[in-house]
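Here the structure is laid out as structure tokens; the discussion comes afterwards.
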Amino acid sequence: MQIVFSDAQYWEDFLPLTFTRPVAEMRCGILTFAERWQKILGNTEISYFTENYLQQKFKNPEEKESLFLVPNFLPSEDVIRQIKELKQGEALVYEDELIAARINMKGFSLNQIEKMTDIKEELVFYKRPIDLFTYNHKAIDFDFELITKGRTSQELSHTNGFLGDKKDLFIEEGAYVEFSTFNTKTGKIYIGKNAEVMEGCHLRGPITLGEGSKFNLGAKIYGGTTIGPQCKVGGEVNNIIMFGYSSKGHDGFVGNSVIGEWCNFGADTNSSNMKNNYGNVKFWNYRTKGFEDTGLQFAGLIMGDHSKTAINTQLNTGTVVGVASNIFKEGFPPNHVESFSWGGFKDDEKFKLDKAYEVAERAMARRNVALTDEDKAILKHIFDTY
């Protein structure tokens with residue numbers, strides 16, 4: 001059966017991370033929301049109900065019987081059972097919001113729904129970018145069980161130091177891990193296929209290192225941290241999510257943050273994650289076009305795809321960076337850096353679109369990935385609209 005991942009009302013709430021992807025393609029824990037549901041429900045066909053300009057890249061639903069699903073939550077076993085047992089015209093509702101329905105996408109209408117069942121238990125629901133890192137430890141636990149159940153990890157080499165229970169460490173085939181320390185007393189650690197933990201690293205779970213990614217020499221990694229596929233991370237990080245294909249290869253600190261794909265941090269880039277007065281952190285909200293109190297004391301950086309920082313860049317607590325921004329000027333940039341900013345400061349000139357394509361093509365070629373016409377169309381829409 002076709003799964004139709006719906007952005008519902010959440011797409012705008014997750015900006016700038018969703019400028020370039022549907023909600024289902026965001027990563028937390030070990031997997032993206034879409035990957036998680038595919039593993040839960042089986043390798044079914046997937047499609048997306050998202051913004052028109054994203055549908056060029058992300059498949060439109062076919063007009064047939066489907067499972068309509070809001071993906072951005074962690075289900076309990078009972079909720080999974082209820083979703084699998086849905087019949088045509090039935091739906092599940094959580095906190096007055098439809099989150100799953102069995103409907104026909106031909107002549108799509110929620111009027112097809114004849115029976116709604118309320119979910120009474122409390123679920124881990126991701127509604128804002130800050131929720132991704134705030135509840136990331138829960139997603140790592142969920143995915144670790146989902147991915148590793150019934151499987152055997154590679155042995156941890158004797159050159160490494162270890163604290164905790166070995167059942168909470170899983171190392172995939174082809175991973176290279178030597179002369180580092182691992183502590184699973186504070187959370188599970190997952191090392192993906194062909195990933196590398198270079199010598200002298202210190203990992204304190206919960207942590208996941210994605211396929212083909214690297215922790216560089218002497219890196220200090222605190223939980224709950226998710227590093228997606230094909231990334232490089234050095235220096236010190238604490239409770240961050242890096243979607244994939246991004247690099248923070250040098251010294252410098254980033255904490256309580258979410259970083260998209262194809263981003264790069266220049267050497268000694270630092271991002272504050274706590275204010276000097278210990279007050280709550282505010283983040284720019286694209287829906288309200290103003291700063292919003294997060295209620296969090298620890299909150300660092302939200303960065304959209306293809307954005308870059310120069311060496312020695314200093315980012316203030318609660319900074320939001322759009323898509324394809326290039327931050328290189330002296331001093332602290334503002335807490336909201338607009339997409340395609342050339343410099344990082346308010347009223348700076350805009351990064352020329354053709355030049356942004358060139359940089360993206362070069363960066364992606366380093367990972368043997370092509371910038372497609374669909375990718376260019378998405379970037380052009382963001383450039384023209386925002």
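Chain identifiers are assigned as A, B, and so on, following the order in which chains appear in the structure tokens; residues are numbered from 1 within each chain, and ligands are numbered from 1 in order of appearance.
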I'd like the neighbourhood of Met105 of chain A as a list in words, where a residue qualifies if any of its atoms comes within 8 Å (using only C-alpha atoms), though same-chain residues fewer than 4 positions away should be ignored.
Pro61, Glu62, Glu63, Lys64, Glu65, Ser66 and Ser109 of chain A
Output of the above residues as a PDB file, in the first residue's frame, restricted to N, CA and C atoms:
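Once everything was written out, this is out06.pdb:
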```pdb
ATOM      1  N   PRO A  61       1.456  11.772  -4.653  1.00  0.00           N
ATOM      2  CA  PRO A  61       0.681  10.546  -4.410  1.00  0.00           C
ATOM      3  C   PRO A  61      -0.025  10.069  -5.671  1.00  0.00           C
ATOM      4  N   GLU A  62      -0.104   8.762  -5.822  1.00  0.00           N
ATOM      5  CA  GLU A  62      -0.908   8.190  -6.897  1.00  0.00           C
ATOM      6  C   GLU A  62      -2.357   8.113  -6.430  1.00  0.00           C
ATOM      7  N   GLU A  63      -3.263   8.129  -7.384  1.00  0.00           N
ATOM      8  CA  GLU A  63      -4.688   8.128  -7.057  1.00  0.00           C
ATOM      9  C   GLU A  63      -5.155   6.707  -6.777  1.00  0.00           C
ATOM     10  N   LYS A  64      -4.890   6.247  -5.562  1.00  0.00           N
ATOM     11  CA  LYS A  64      -5.278   4.898  -5.164  1.00  0.00           C
ATOM     12  C   LYS A  64      -5.397   4.835  -3.646  1.00  0.00           C
ATOM     13  N   GLU A  65      -5.857   3.692  -3.151  1.00  0.00           N
ATOM     14  CA  GLU A  65      -6.009   3.519  -1.723  1.00  0.00           C
ATOM     15  C   GLU A  65      -4.661   3.686  -1.026  1.00  0.00           C
ATOM     16  N   SER A  66      -4.657   4.466   0.059  1.00  0.00           N
ATOM     17  CA  SER A  66      -3.389   4.863   0.678  1.00  0.00           C
ATOM     18  C   SER A  66      -3.531   4.988   2.190  1.00  0.00           C
ATOM     19  N   SER A 109     -10.079  13.785  -0.397  1.00  0.00           N
ATOM     20  CA  SER A 109     -10.885  14.608   0.504  1.00  0.00           C
ATOM     21  C   SER A 109     -10.984  13.903   1.848  1.00  0.00           C
TER      22      SER A 109
END
```
Using only C-alpha atoms, what table do you get, as JSON lines, when you list each residue of segment 53-131 of chain A with an atom no more than 7 Å from segment 36-48 of chain A, its nearest pair of atoms, and their distance in Å rounded to one decimal, rows by chain then rising number?
```
{"residue": "A:Phe58", "atom": "CA", "partner": "A:Tyr48", "partner_atom": "CA", "distance": 6.3}
{"residue": "A:Lys59", "atom": "CA", "partner": "A:Ser47", "partner_atom": "CA", "distance": 5.0}
{"residue": "A:Asn60", "atom": "CA", "partner": "A:Ser47", "partner_atom": "CA", "distance": 5.6}
{"residue": "A:Pro61", "atom": "CA", "partner": "A:Ser47", "partner_atom": "CA", "distance": 5.1}
```
Residues at most 9 Å from Ile327 of chain A, counting only C-alpha atoms, excluding those fewer than 4 positions away in the same chain, as a ChimeraX atom specification?
/A:307-310,313,333,337,341-345
Using only C-alpha atoms, find the one residue out of A:Gln230, A:Thr184, A:Ser213, A:Gln314 that sits nearest to Gly252 of chain A.
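Closest candidate: A:Gln314.
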Using DSSP assignments from the backbone, pull out every residue in segment 29-90 of chain A that falls under strand (DSSP E) and give it to me as a ChimeraX atom specification.
/A:31-32,46-49,65-69,73-74,90
